[in-house]
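Pasted below: model_30.cif, mmCIF, C-alpha atoms.
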```cif
data_target
#
loop_
_atom_site.group_PDB
_atom_site.id
_atom_site.type_symbol
_atom_site.label_atom_id
_atom_site.label_comp_id
_atom_site.auth_asym_id
_atom_site.auth_seq_id
_atom_site.Cartn_x
_atom_site.Cartn_y
_atom_site.Cartn_z
ATOM 1 C CA MET A 1 73.316 87.685 142.696
ATOM 2 C CA GLU A 2 75.031 87.800 146.089
ATOM 3 C CA ASN A 3 71.699 88.434 147.848
ATOM 4 C CA GLN A 4 70.053 85.485 146.138
ATOM 5 C CA ILE A 5 70.121 82.054 147.722
ATOM 6 C CA GLU A 6 71.332 79.282 145.434
ATOM 7 C CA LYS A 7 69.425 76.022 145.802
ATOM 8 C CA ILE A 8 71.218 72.739 145.189
ATOM 9 C CA ASP A 9 70.541 69.038 145.834
ATOM 10 C CA CYS A 10 73.923 67.917 147.133
ATOM 11 C CA LEU A 11 76.685 70.116 148.531
ATOM 12 C CA ILE A 12 80.082 68.513 149.149
ATOM 13 C CA ILE A 13 82.456 70.444 151.388
ATOM 14 C CA GLY A 14 86.086 69.477 150.739
ATOM 15 C CA SER A 15 88.045 68.107 147.805
ATOM 16 C CA GLY A 16 90.295 65.273 148.958
ATOM 17 C CA PRO A 17 89.773 61.585 148.081
ATOM 18 C CA ALA A 18 86.590 61.493 150.220
ATOM 19 C CA GLY A 19 85.029 64.595 148.668
ATOM 20 C CA TYR A 20 85.810 63.683 145.080
ATOM 21 C CA THR A 21 84.697 60.063 145.466
ATOM 22 C CA ALA A 22 81.447 61.282 146.997
ATOM 23 C CA ALA A 23 81.113 63.619 144.004
ATOM 24 C CA ILE A 24 81.709 60.802 141.496
ATOM 25 C CA TYR A 25 78.972 58.652 143.050
ATOM 26 C CA ALA A 26 76.598 61.580 143.577
ATOM 27 C CA ALA A 27 77.027 62.738 139.962
ATOM 28 C CA ARG A 28 76.299 59.257 138.647
ATOM 29 C CA ALA A 29 73.133 59.219 140.764
ATOM 30 C CA ASP A 30 72.059 62.493 139.108
ATOM 31 C CA MET A 31 72.310 64.434 142.388
ATOM 32 C CA LYS A 32 74.038 67.326 140.599
ATOM 33 C CA PRO A 33 76.731 67.722 143.265
ATOM 34 C CA VAL A 34 78.576 70.978 143.872
ATOM 35 C CA VAL A 35 82.035 70.688 145.469
ATOM 36 C CA TYR A 36 83.742 73.532 147.304
ATOM 37 C CA GLU A 37 87.474 72.875 147.351
ATOM 38 C CA GLY A 38 88.389 74.751 150.535
ATOM 39 C CA LEU A 39 91.807 76.060 151.549
ATOM 40 C CA GLN A 40 93.711 73.024 150.308
ATOM 41 C CA PRO A 41 92.239 71.867 146.979
ATOM 42 C CA GLY A 42 92.953 68.169 146.652
ATOM 43 C CA GLY A 43 93.465 67.740 150.387
ATOM 44 C CA GLN A 44 96.493 66.312 152.183
ATOM 45 C CA LEU A 45 97.586 64.252 149.160
ATOM 46 C CA THR A 46 98.670 67.431 147.396
ATOM 47 C CA ILE A 47 101.585 67.694 149.842
ATOM 48 C CA THR A 48 102.516 64.042 149.288
ATOM 49 C CA THR A 49 105.003 63.333 146.543
ATOM 50 C CA ASP A 50 104.911 59.620 145.683
ATOM 51 C CA VAL A 51 101.804 57.574 146.417
ATOM 52 C CA GLU A 52 102.601 53.867 146.150
ATOM 53 C CA ASN A 53 99.873 52.260 148.244
ATOM 54 C CA TYR A 54 96.735 53.315 146.355
ATOM 55 C CA PRO A 55 95.378 50.369 144.324
ATOM 56 C CA GLY A 56 95.458 50.662 140.559
ATOM 57 C CA TYR A 57 98.780 52.481 140.197
ATOM 58 C CA PRO A 58 101.410 49.731 139.842
ATOM 59 C CA ASP A 59 104.193 52.261 139.253
ATOM 60 C CA GLY A 60 102.974 54.709 141.900
ATOM 61 C CA ILE A 61 101.725 58.213 141.229
ATOM 62 C CA MET A 62 102.435 61.719 142.468
ATOM 63 C CA GLY A 63 99.882 62.921 145.019
ATOM 64 C CA PRO A 64 98.924 66.164 143.207
ATOM 65 C CA GLU A 65 98.572 64.317 139.870
ATOM 66 C CA MET A 66 96.352 61.699 141.478
ATOM 67 C CA MET A 67 94.053 64.338 142.944
ATOM 68 C CA GLU A 68 93.856 66.102 139.577
ATOM 69 C CA MET A 69 92.656 62.782 138.099
ATOM 70 C CA PHE A 70 90.030 62.432 140.857
ATOM 71 C CA LYS A 71 88.833 65.948 140.032
ATOM 72 C CA LYS A 72 88.696 65.357 136.262
ATOM 73 C CA GLN A 73 86.667 62.199 136.769
ATOM 74 C CA ALA A 74 84.188 63.987 139.044
ATOM 75 C CA VAL A 75 83.840 66.887 136.584
ATOM 76 C CA ARG A 76 83.442 64.583 133.574
ATOM 77 C CA LEU A 77 80.491 62.923 135.295
ATOM 78 C CA GLY A 78 78.801 66.262 135.952
ATOM 79 C CA THR A 79 80.175 67.619 139.234
ATOM 80 C CA VAL A 80 80.494 71.393 139.552
ATOM 81 C CA VAL A 81 83.795 72.155 141.310
ATOM 82 C CA ARG A 82 84.306 75.623 142.766
ATOM 83 C CA PHE A 83 87.160 77.303 144.550
ATOM 84 C CA GLY A 84 85.858 78.716 147.803
ATOM 85 C CA MET A 85 85.688 78.254 151.543
ATOM 86 C CA VAL A 86 82.576 77.442 153.527
ATOM 87 C CA THR A 87 82.619 80.019 156.320
ATOM 88 C CA LYS A 88 79.300 79.421 158.085
ATOM 89 C CA VAL A 89 76.623 76.744 158.327
ATOM 90 C CA ASP A 90 73.146 76.583 159.812
ATOM 91 C CA PHE A 91 72.089 72.950 160.039
ATOM 92 C CA LYS A 92 68.724 71.601 161.076
ATOM 93 C CA ASP A 93 67.195 68.134 161.084
ATOM 94 C CA GLY A 94 65.715 67.307 157.710
ATOM 95 C CA GLY A 95 67.008 70.517 156.148
ATOM 96 C CA PRO A 96 67.213 72.449 154.056
ATOM 97 C CA GLN A 97 70.781 73.144 155.192
ATOM 98 C CA MET A 98 71.912 76.753 154.947
ATOM 99 C CA VAL A 99 75.562 77.304 154.052
ATOM 100 C CA THR A 100 77.565 80.495 153.480
ATOM 101 C CA VAL A 101 80.630 80.485 151.217
ATOM 102 C CA ASP A 102 83.401 83.094 151.524
ATOM 103 C CA GLY A 103 81.253 85.109 153.920
ATOM 104 C CA GLN A 104 78.734 86.145 151.276
ATOM 105 C CA HIS A 105 77.376 83.515 148.866
ATOM 106 C CA LYS A 106 74.375 81.737 150.433
ATOM 107 C CA ILE A 107 73.387 78.187 149.529
ATOM 108 C CA GLU A 108 70.340 76.158 150.483
ATOM 109 C CA ALA A 109 71.256 72.473 150.165
ATOM 110 C CA LYS A 110 68.909 69.495 150.409
ATOM 111 C CA SER A 111 71.845 67.331 151.517
ATOM 112 C CA VAL A 112 75.394 68.080 152.676
ATOM 113 C CA ILE A 113 78.426 65.789 152.653
ATOM 114 C CA ILE A 114 81.278 66.992 154.853
ATOM 115 C CA SER A 115 84.712 65.893 153.606
ATOM 116 C CA THR A 116 86.870 68.611 155.134
ATOM 117 C CA GLY A 117 89.593 66.217 156.307
ATOM 118 C CA ALA A 118 92.174 66.811 158.990
ATOM 119 C CA SER A 119 95.458 68.675 159.033
ATOM 120 C CA ALA A 120 98.627 67.225 160.486
ATOM 121 C CA LYS A 121 100.116 69.157 163.360
ATOM 122 C CA TRP A 122 103.647 70.342 162.619
ATOM 123 C CA LEU A 123 106.539 71.538 164.742
ATOM 124 C CA GLY A 124 106.619 74.897 162.974
ATOM 125 C CA LEU A 125 110.237 74.831 161.772
ATOM 126 C CA GLU A 126 111.214 76.538 158.513
ATOM 127 C CA SER A 127 113.263 73.489 157.507
ATOM 128 C CA GLU A 128 110.254 71.270 158.178
ATOM 129 C CA SER A 129 108.063 73.065 155.637
ATOM 130 C CA ARG A 130 110.952 73.494 153.173
ATOM 131 C CA LEU A 131 111.738 69.761 153.158
ATOM 132 C CA ASN A 132 108.133 68.595 153.370
ATOM 133 C CA GLY A 133 107.814 65.818 150.780
ATOM 134 C CA SER A 134 111.614 65.615 150.466
ATOM 135 C CA GLY A 135 112.270 63.562 153.564
ATOM 136 C CA VAL A 136 109.793 65.187 155.950
ATOM 137 C CA SER A 137 106.430 63.456 156.318
ATOM 138 C CA ALA A 138 103.468 63.251 158.682
ATOM 139 C CA CYS A 139 102.569 59.684 157.676
ATOM 140 C CA ALA A 140 104.959 56.800 158.287
ATOM 141 C CA VAL A 141 102.550 54.252 156.795
ATOM 142 C CA CYS A 142 102.345 56.344 153.587
ATOM 143 C CA ASP A 143 106.022 57.192 153.181
ATOM 144 C CA GLY A 144 108.106 54.830 155.339
ATOM 145 C CA PHE A 145 108.646 52.476 152.394
ATOM 146 C CA PHE A 146 110.905 55.050 150.713
ATOM 147 C CA TYR A 147 113.410 54.806 153.595
ATOM 148 C CA ARG A 148 113.763 51.050 153.862
ATOM 149 C CA GLY A 149 117.178 50.044 155.115
ATOM 150 C CA GLN A 150 117.977 53.608 156.176
ATOM 151 C CA ASP A 151 118.023 55.608 159.422
ATOM 152 C CA VAL A 152 115.003 57.764 160.288
ATOM 153 C CA ALA A 153 113.709 59.917 163.138
ATOM 154 C CA ILE A 154 110.151 60.313 164.381
ATOM 155 C CA VAL A 155 108.736 62.906 166.791
ATOM 156 C CA GLY A 156 105.895 62.160 169.189
ATOM 157 C CA ALA A 157 104.941 60.580 172.495
ATOM 158 C CA GLY A 158 101.470 59.111 171.966
ATOM 159 C CA ASP A 159 100.085 55.836 170.655
ATOM 160 C CA THR A 160 100.323 56.979 167.033
ATOM 161 C CA ALA A 161 104.017 57.882 167.369
ATOM 162 C CA CYS A 162 104.778 54.518 168.994
ATOM 163 C CA GLU A 163 102.766 52.649 166.387
ATOM 164 C CA GLU A 164 104.492 54.450 163.530
ATOM 165 C CA ALA A 165 107.919 53.953 165.128
ATOM 166 C CA SER A 166 107.189 50.209 165.349
ATOM 167 C CA TYR A 167 106.094 50.194 161.718
ATOM 168 C CA LEU A 168 109.258 52.028 160.627
ATOM 169 C CA ALA A 169 111.431 49.665 162.673
ATOM 170 C CA LYS A 170 110.319 46.759 160.462
ATOM 171 C CA ILE A 171 111.624 48.389 157.288
ATOM 172 C CA CYS A 172 114.286 50.871 158.420
ATOM 173 C CA LYS A 173 117.742 50.208 159.811
ATOM 174 C CA GLN A 174 117.504 52.497 162.852
ATOM 175 C CA VAL A 175 114.617 54.552 164.249
ATOM 176 C CA TYR A 176 115.184 57.465 166.651
ATOM 177 C CA LEU A 177 112.024 58.330 168.593
ATOM 178 C CA LEU A 178 112.213 61.895 169.892
ATOM 179 C CA VAL A 179 110.116 62.491 173.028
ATOM 180 C CA ARG A 180 109.853 66.022 174.411
ATOM 181 C CA LYS A 181 109.215 65.002 178.024
ATOM 182 C CA ASP A 182 110.743 62.320 180.233
ATOM 183 C CA HIS A 183 107.797 59.985 179.623
ATOM 184 C CA PHE A 184 105.377 58.762 176.948
ATOM 185 C CA ARG A 185 101.692 59.628 176.678
ATOM 186 C CA ALA A 186 101.161 56.292 174.932
ATOM 187 C CA SER A 187 99.500 53.257 176.485
ATOM 188 C CA LYS A 188 101.694 50.836 178.445
ATOM 189 C CA ALA A 189 101.295 48.196 175.730
ATOM 190 C CA MET A 190 102.608 50.560 173.050
ATOM 191 C CA GLN A 191 105.477 51.688 175.270
ATOM 192 C CA HIS A 192 106.445 48.095 175.882
ATOM 193 C CA ARG A 193 106.424 47.366 172.152
ATOM 194 C CA VAL A 194 108.751 50.309 171.489
ATOM 195 C CA HIS A 195 111.145 49.477 174.322
ATOM 196 C CA SER A 196 111.364 45.836 173.246
ATOM 197 C CA THR A 197 112.246 46.686 169.642
ATOM 198 C CA PRO A 198 116.057 46.623 169.330
ATOM 199 C CA ASN A 199 116.390 49.147 166.478
ATOM 200 C CA ILE A 200 114.258 51.866 168.111
ATOM 201 C CA GLU A 201 116.230 54.282 170.263
ATOM 202 C CA VAL A 202 114.080 56.529 172.456
ATOM 203 C CA LEU A 203 115.543 59.954 173.230
ATOM 204 C CA TYR A 204 113.671 61.557 176.138
ATOM 205 C CA ASN A 205 113.688 65.288 176.979
ATOM 206 C CA THR A 206 114.583 65.833 173.341
ATOM 207 C CA GLU A 207 113.333 68.531 170.993
ATOM 208 C CA THR A 208 114.015 69.131 167.318
ATOM 209 C CA ASP A 209 116.264 72.150 166.837
ATOM 210 C CA GLU A 210 116.579 71.920 163.047
ATOM 211 C CA ILE A 211 116.194 69.484 160.172
ATOM 212 C CA LEU A 212 119.376 69.552 158.135
ATOM 213 C CA GLY A 213 119.719 69.142 154.396
ATOM 214 C CA ASP A 214 119.642 71.222 151.246
ATOM 215 C CA LYS A 215 117.380 69.356 148.800
ATOM 216 C CA THR A 216 116.562 66.341 150.990
ATOM 217 C CA VAL A 217 116.820 65.444 154.673
ATOM 218 C CA GLU A 218 120.381 64.547 155.683
ATOM 219 C CA ALA A 219 120.274 64.834 159.483
ATOM 220 C CA VAL A 220 118.336 66.222 162.420
ATOM 221 C CA ARG A 221 119.842 68.480 165.054
ATOM 222 C CA VAL A 222 118.264 67.828 168.430
ATOM 223 C CA ILE A 223 118.567 69.541 171.781
ATOM 224 C CA ASN A 224 118.213 68.004 175.229
ATOM 225 C CA ASN A 225 115.867 70.392 177.023
ATOM 226 C CA GLN A 226 117.376 69.501 180.410
ATOM 227 C CA THR A 227 121.086 69.811 179.644
ATOM 228 C CA GLN A 228 120.788 72.095 176.540
ATOM 229 C CA GLU A 229 123.239 69.748 174.824
ATOM 230 C CA LYS A 230 122.874 69.608 171.039
ATOM 231 C CA ARG A 231 123.714 66.717 168.736
ATOM 232 C CA GLU A 232 123.288 65.900 165.079
ATOM 233 C CA ILE A 233 121.807 62.550 164.071
ATOM 234 C CA PRO A 234 122.253 61.490 160.437
ATOM 235 C CA VAL A 235 118.844 60.427 159.065
ATOM 236 C CA LYS A 236 117.222 60.261 155.638
ATOM 237 C CA GLY A 237 113.605 60.526 156.799
ATOM 238 C CA PHE A 238 111.960 62.707 159.450
ATOM 239 C CA PHE A 239 108.428 61.860 160.562
ATOM 240 C CA VAL A 240 106.147 64.070 162.619
ATOM 241 C CA ALA A 241 103.549 62.176 164.694
ATOM 242 C CA ILE A 242 102.251 64.772 167.124
ATOM 243 C CA GLY A 243 98.628 64.481 166.073
ATOM 244 C CA HIS A 244 96.086 65.800 163.605
ATOM 245 C CA THR A 245 93.475 68.513 163.861
ATOM 246 C CA PRO A 246 90.188 67.753 162.098
ATOM 247 C CA ASN A 247 88.967 70.675 159.997
ATOM 248 C CA THR A 248 85.562 70.745 161.643
ATOM 249 C CA GLY A 249 85.469 73.970 163.669
ATOM 250 C CA ILE A 250 82.553 75.592 161.831
ATOM 251 C CA PHE A 251 80.313 72.565 162.494
ATOM 252 C CA LYS A 252 80.816 72.454 166.288
ATOM 253 C CA GLU A 253 77.523 74.130 167.132
ATOM 254 C CA PHE A 254 75.493 71.570 165.187
ATOM 255 C CA LEU A 255 77.268 68.215 165.008
ATOM 256 C CA GLU A 256 78.276 65.689 167.637
ATOM 257 C CA MET A 257 82.059 65.405 167.901
ATOM 258 C CA ASP A 258 84.546 63.647 170.112
ATOM 259 C CA ASP A 259 86.885 65.546 172.415
ATOM 260 C CA GLN A 260 89.384 66.022 169.576
ATOM 261 C CA GLY A 261 86.854 67.504 167.172
ATOM 262 C CA TYR A 262 86.295 64.454 164.958
ATOM 263 C CA ILE A 263 82.685 64.275 163.762
ATOM 264 C CA ILE A 264 80.841 61.257 165.154
ATOM 265 C CA THR A 265 78.983 59.228 162.535
ATOM 266 C CA LYS A 266 76.419 56.549 163.271
ATOM 267 C CA PRO A 267 77.839 52.989 163.213
ATOM 268 C CA ASP A 268 78.482 51.543 159.745
ATOM 269 C CA SER A 269 77.264 54.703 158.043
ATOM 270 C CA SER A 270 78.099 58.308 157.227
ATOM 271 C CA TYR A 271 75.034 59.727 159.014
ATOM 272 C CA THR A 272 75.698 62.498 161.536
ATOM 273 C CA ASN A 273 73.268 63.505 164.286
ATOM 274 C CA VAL A 274 71.654 66.009 161.887
ATOM 275 C CA ASP A 275 69.267 64.375 159.419
ATOM 276 C CA GLY A 276 70.483 65.186 155.905
ATOM 277 C CA VAL A 277 74.108 65.926 156.845
ATOM 278 C CA PHE A 278 76.699 63.226 156.169
ATOM 279 C CA CYS A 279 80.420 63.003 156.863
ATOM 280 C CA SER A 280 83.258 61.080 155.222
ATOM 281 C CA GLY A 281 87.042 60.880 155.270
ATOM 282 C CA ASP A 282 89.470 62.156 157.874
ATOM 283 C CA ALA A 283 86.974 64.616 159.371
ATOM 284 C CA GLN A 284 85.454 61.549 161.049
ATOM 285 C CA ASP A 285 88.253 58.955 160.828
ATOM 286 C CA LYS A 286 91.144 59.288 163.267
ATOM 287 C CA ILE A 287 92.171 55.628 163.079
ATOM 288 C CA TYR A 288 93.051 54.762 159.475
ATOM 289 C CA ARG A 289 93.561 58.157 157.777
ATOM 290 C CA GLN A 290 94.475 56.696 154.384
ATOM 291 C CA ALA A 291 93.471 57.929 150.930
ATOM 292 C CA VAL A 292 91.828 54.606 150.093
ATOM 293 C CA THR A 293 89.739 54.507 153.281
ATOM 294 C CA ALA A 294 88.752 58.156 152.773
ATOM 295 C CA ALA A 295 87.644 57.352 149.224
ATOM 296 C CA GLY A 296 85.644 54.375 150.491
ATOM 297 C CA SER A 297 83.847 56.511 153.063
ATOM 298 C CA GLY A 298 83.134 59.136 150.393
ATOM 299 C CA CYS A 299 81.357 56.436 148.416
ATOM 300 C CA MET A 300 79.355 55.518 151.547
ATOM 301 C CA ALA A 301 78.346 59.146 152.115
ATOM 302 C CA ALA A 302 77.081 59.581 148.544
ATOM 303 C CA LEU A 303 75.096 56.335 148.695
ATOM 304 C CA ASP A 304 73.647 57.315 152.081
ATOM 305 C CA ALA A 305 72.747 60.790 150.798
ATOM 306 C CA GLU A 306 71.149 59.351 147.645
ATOM 307 C CA ARG A 307 68.993 56.935 149.649
ATOM 308 C CA TRP A 308 68.074 59.662 152.114
ATOM 309 C CA LEU A 309 67.032 62.076 149.346
ATOM 310 C CA SER A 310 64.983 59.321 147.657
ATOM 311 C CA ALA A 311 63.215 58.484 150.915
ATOM 312 C CA LYS A 312 62.357 62.169 151.347
ATOM 313 C CA GLY A 313 60.943 62.310 147.846
ATOM 314 C CA HIS A 314 63.581 64.752 146.565
#
```
The structure in this file should be written as structure tokens.
Amino acid sequence: MENQIEKIDCLIIGSGPAGYTAAIYAARADMKPVVYEGLQPGGQLTITTDVENYPGYPDGIMGPEMMEMFKKQAVRLGTVVRFGMVTKVDFKDGGPQMVTVDGQHKIEAKSVIISTGASAKWLGLESESRLNGSGVSACAVCDGFFYRGQDVAIVGAGDTACEEASYLAKICKQVYLLVRKDHFRASKAMQHRVHSTPNIEVLYNTETDEILGDKTVEAVRVINNQTQEKREIPVKGFFVAIGHTPNTGIFKEFLEMDDQGYIITKPDSSYTNVDGVFCSGDAQDKIYRQAVTAAGSGCMAALDAERWLSAKGH
């Protein structure tokens, strides 16, 4: 069987909100989609505890439970979901697209929807991974609400860090913005916004030594990298905003990307530069990065793929 090439109509790579929504629409269009879940089945939402900003869940829902519901819906409508990692692709205009899974299983797909997402960059501290979802987060817009009226810290020096610090300042009592160097990388406008917000305190030349707390975040111990002085700051939330890495490495040879590795799609569509290959979710969206926008773009990708297959007579 391993030497045989499996032929399918629609291959979806990735299993977050974008991938599963694409699968739901593709299954309903009788495209017989096959989803490969990748290294993180369910995507970034599986490391999110409470999701309160996805429409339709008035009481909120746990991230892993929500993704299990996405999966069940896709399967019920006819999607085949498999555990496995796409390790190699060979794309060409018009297809068929050749894809290798786990280094051995070969697939020939009439259409491919890429929904591989992006991974947040982390500091690499043991306490950071241990308290992830219990006070540590990589998305202030997703999780800031849980810390309203409390003190929080955020790490980063770019536009995203400044934007998220400004967002947190509206709902939190005090925001400590930890900047590793003696200057921001953010635009002047964003810097000005941060500096003119009374409850944001910027700590330059400051690195995170340890996040303190047993079950939840209680404080952050920081170190001044000029003076080596350490101090503990009591906080309930710790946000990391040092960027994301799109999970797009294996497509580099074939698809147009920006300098950060985000796949470029044609305006108002999910079309990539390769005819028959589509992209949705955080693999191509570095601006919004929300579950609901990822799901919306997954819908777009399935509709685009369906129309493309129809036009080709498949």
Residue members of the PyMOL selection byres ((chain A and resi 7-17) around 7) in the file shown, as number ranges by chain: A: 5-6, 18-21, 31-38, 41-43, 107-116, 291, 294-295
Can I get the selected residues back with C-alpha atoms, as a compact mmCIF listing (two decimals), keeping the file's coordinate frame?
```txt
# COMPACT_ATOMS: atom_id res chain seq x y z
CA ILE A 5 70.12 82.05 147.72
CA GLU A 6 71.33 79.28 145.43
CA ALA A 18 86.59 61.49 150.22
CA GLY A 19 85.03 64.60 148.67
CA TYR A 20 85.81 63.68 145.08
CA THR A 21 84.70 60.06 145.47
CA MET A 31 72.31 64.43 142.39
CA LYS A 32 74.04 67.33 140.60
CA PRO A 33 76.73 67.72 143.26
CA VAL A 34 78.58 70.98 143.87
CA VAL A 35 82.04 70.69 145.47
CA TYR A 36 83.74 73.53 147.30
CA GLU A 37 87.47 72.88 147.35
CA GLY A 38 88.39 74.75 150.54
CA PRO A 41 92.24 71.87 146.98
CA GLY A 42 92.95 68.17 146.65
CA GLY A 43 93.46 67.74 150.39
CA ILE A 107 73.39 78.19 149.53
CA GLU A 108 70.34 76.16 150.48
CA ALA A 109 71.26 72.47 150.16
CA LYS A 110 68.91 69.50 150.41
CA SER A 111 71.84 67.33 151.52
CA VAL A 112 75.39 68.08 152.68
CA ILE A 113 78.43 65.79 152.65
CA ILE A 114 81.28 66.99 154.85
CA SER A 115 84.71 65.89 153.61
CA THR A 116 86.87 68.61 155.13
CA ALA A 291 93.47 57.93 150.93
CA ALA A 294 88.75 58.16 152.77
CA ALA A 295 87.64 57.35 149.22
```
Could you write out as a PDB file with C-alpha atoms, in the coordinates of the input the residues that the PyMOL selection byres ((chain A and resi 298) around 6) matches in the shown file?
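part.pdb, written as the output of this step:
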```pdb
ATOM      1  CA  ALA A  18      86.590  61.493 150.220  1.00  0.00           C
ATOM      2  CA  THR A  21      84.697  60.063 145.466  1.00  0.00           C
ATOM      3  CA  ALA A  22      81.447  61.282 146.997  1.00  0.00           C
ATOM      4  CA  SER A 280      83.258  61.080 155.222  1.00  0.00           C
ATOM      5  CA  ALA A 295      87.644  57.352 149.224  1.00  0.00           C
ATOM      6  CA  GLY A 296      85.644  54.375 150.491  1.00  0.00           C
ATOM      7  CA  SER A 297      83.847  56.511 153.063  1.00  0.00           C
ATOM      8  CA  CYS A 299      81.357  56.436 148.416  1.00  0.00           C
ATOM      9  CA  MET A 300      79.355  55.518 151.547  1.00  0.00           C
ATOM     10  CA  ALA A 301      78.346  59.146 152.115  1.00  0.00           C
TER      11      ALA A 301
END
```
Output of the PyMOL selection byres ((chain A and resi 285) around 10), listed as a PyMOL selection string: chain A and resi 117-118+246+262-265+279-284+286-290+293-294+297
Close residues, Gly135 (chain A) itself excluded, 10 Å, only C-alpha atoms, min 6 positions apart in chain, as a list in words: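 These residues fall inside the cut-off: Glu128, Asp143, Gly144, Phe146, Tyr147, Val152, Ile211, Gly213, Lys215, Thr216, Val217, Glu218, Val235, Lys236, Gly237, Phe238 and Phe239 of chain A.
Atom pair CA of Ser196 (chain A) / CA of Val222 (chain A): separated by 23.5 Å.
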Two-atom distance - CA of Asp275 (chain A), CA of Asp90 (chain A) (Å):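 Going from CA of Asp275 (chain A) over to CA of Asp90 (chain A), I get 12.8 Å.
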Shell around Glu126 (chain A) at 9 Å using all atoms listed in the file, local window under 4 positions removed, as a compact mmCIF listing (two decimals) with C-alpha atoms, keeping the file's coordinate frame:
```txt
# COMPACT_ATOMS: atom_id res chain seq x y z
CA ARG A 130 110.95 73.49 153.17
CA LEU A 131 111.74 69.76 153.16
CA GLU A 210 116.58 71.92 163.05
CA ILE A 211 116.19 69.48 160.17
```
Proximity to Gln97 (chain A) - best of A:Ala23, A:Val274, A:His314, A:Cys142, all atoms listed in the file: A:Val274
Given all atoms listed in the file as the counted atoms, nearest of A:Ser119, A:His244, A:Gly78, A:His105 to Gln40 (chain A):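 Ranking A:Ser119, A:His244, A:Gly78, A:His105 by distance to Gln40 (chain A), first place goes to A:Ser119.
In this model, the gap between CA of Pro198 (chain A) and CA of Phe184 (chain A) comes to 17.9 Å.
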Selected residue of minimal separation from Tyr54 (chain A) among A:Val141, A:Lys188, A:Gln228, A:Gln73, counting only C-alpha atoms: A:Val141
Best match for closeness to Leu212 (chain A) among A:Ala186, A:Ile200, A:Ala241, A:Val136, counting only C-alpha atoms: A:Val136
Which of A:Val86, A:Ala169, A:Ala26, A:Leu45 sits closest to Ile61 (chain A) [using only C-alpha atoms]: A:Leu45
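Of the listed residues (A:Leu77, A:Ile47, A:Ala120, A:Met98), A:Ala120 comes nearest to Asn247 (chain A); the distances count all atoms listed in the file.
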Can you report as AutoDock Vina command-line options the centre and edge lengths in Å, to one decimal, of an axis-aligned box around the listed atoms of region 165-168 of chain A padded with 6 Å on each side?
```
--center_x 107.7 --center_y 52.1 --center_z 163.0 --size_x 15.2 --size_y 15.8 --size_z 16.7
```
For Arg185 (chain A): contacts at 12 Å, all atoms listed in the file, fewer than 6 positions along chain excluded, given as JSON, numbers by chain: {"A": [156, 157, 158, 159, 160, 161, 162, 179, 191, 242]}
Near-Ala29 (chain A) list (9 Å; only C-alpha atoms; drop same-chain fewer than 4 positions) as a PDB file with C-alpha atoms, keeping the file's coordinate frame:
```pdb
ATOM      1  CA  ILE A  24      81.709  60.802 141.496  1.00  0.00           C
ATOM      2  CA  TYR A  25      78.972  58.652 143.050  1.00  0.00           C
ATOM      3  CA  ALA A 302      77.081  59.581 148.544  1.00  0.00           C
ATOM      4  CA  LEU A 303      75.096  56.335 148.695  1.00  0.00           C
ATOM      5  CA  GLU A 306      71.149  59.351 147.645  1.00  0.00           C
TER       6      GLU A 306
END
```
Find the spatial neighbours of Lys181 (chain A), counting all atoms listed in the file, within a cut-off of 12 Å - ignore same-chain residues fewer than 5 positions away - and output them as a CSV table (one decimal) with C-alpha atoms, in the coordinates of the input.
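Wrote it out as around_13.csv, contents follow:
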```
chain,number,residue,atom,x,y,z
A,155,VAL,CA,108.7,62.9,166.8
A,156,GLY,CA,105.9,62.2,169.2
A,157,ALA,CA,104.9,60.6,172.5
A,158,GLY,CA,101.5,59.1,172.0
A,202,VAL,CA,114.1,56.5,172.5
A,203,LEU,CA,115.5,60.0,173.2
A,204,TYR,CA,113.7,61.6,176.1
A,205,ASN,CA,113.7,65.3,177.0
A,206,THR,CA,114.6,65.8,173.3
A,207,GLU,CA,113.3,68.5,171.0
A,224,ASN,CA,118.2,68.0,175.2
A,225,ASN,CA,115.9,70.4,177.0
A,226,GLN,CA,117.4,69.5,180.4
```
Could you give me region 146-153 of chain A completed to N, CA and C atoms, formatted as a compact mmCIF listing (two decimals), in the frame of the given file?
```
# COMPACT_ATOMS: atom_id res chain seq x y z
N PHE A 146 109.83 54.40 151.47
CA PHE A 146 110.90 55.05 150.71
C PHE A 146 112.23 55.07 151.48
N TYR A 147 112.20 54.72 152.76
CA TYR A 147 113.41 54.81 153.60
C TYR A 147 113.83 53.44 154.12
N ARG A 148 113.41 52.39 153.41
CA ARG A 148 113.76 51.05 153.86
C ARG A 148 115.28 50.88 153.88
N GLY A 149 115.75 50.29 154.97
CA GLY A 149 117.18 50.04 155.12
C GLY A 149 117.97 51.27 155.53
N GLN A 150 117.27 52.38 155.81
CA GLN A 150 117.98 53.61 156.18
C GLN A 150 117.62 54.04 157.60
N ASP A 151 118.29 55.08 158.09
CA ASP A 151 118.02 55.61 159.42
C ASP A 151 117.00 56.74 159.34
N VAL A 152 116.04 56.73 160.27
CA VAL A 152 115.00 57.76 160.29
C VAL A 152 114.76 58.24 161.71
N ALA A 153 114.12 59.40 161.83
CA ALA A 153 113.71 59.92 163.14
C ALA A 153 112.22 60.18 163.11
```
